[in-house]
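Student: Sharing a structure below in structure tokens format, with a few things to ask.
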Amino acid sequence: QQQMESIRNDSSLSQQDRREKFRAVREDSDTKIRAVLNDDQKKTYDQMQQQMRERHQGHEQNNGTAQ
């Protein structure tokens with residue numbers, strides 16, 4: 001969370017650089033989380049990740065529409 005906040009507040013980064021740094025932090029966190037999960041927990045975690053991706057994609061698609 002602190003890493004994400006510091007990236008968000010770093011005005012010297014371009015949008016592309018910021019996106020890449022966010023992705024790297026997420027991947028690192030994901031690796032650390034998966035390392036401590038058993039197989040059943042990994043399946044549940046993967047399902048949760050997929051649901052979050054679907055919700056995020058839905059928000060991106062709705063951003064261009066009038067509310």
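Chain labels run A, B, ... following the order of the structure tokens; each chain numbers its residues from 1, and ligands are numbered from 1 in the order shown.
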Just want the 10 Å neighbourhood of Arg23 of chain A, counted on only C-alpha atoms, with same-chain residues fewer than 6 positions away dropped. Output as a PyMOL selection string.
Tutor: chain A and resi 4+17+29
Student: Keeping N, CA and C atoms, export the residues of the selection given above as a CSV table (one decimal), in the first residue's frame.
Tutor:
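Result saved to part15.csv:
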chain,number,residue,atom,x,y,z
A,4,MET,N,2.5,1.7,-3.4
A,4,MET,CA,1.5,2.2,-4.4
A,4,MET,C,1.2,3.7,-4.2
A,17,ASP,N,5.2,5.1,-17.0
A,17,ASP,CA,6.1,4.6,-16.0
A,17,ASP,C,5.3,4.3,-14.7
A,29,SER,N,3.7,-8.6,-5.0
A,29,SER,CA,2.8,-8.9,-3.9
A,29,SER,C,2.1,-10.2,-4.2
Student: So, with only C-alpha atoms as the atoms that count, which of A:Glu60, A:Glu20, A:Asp28, A:Asp46 lies closest to Arg8 of chain A?
Tutor: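 The answer is A:Glu20, which sits nearest to Arg8 of chain A.
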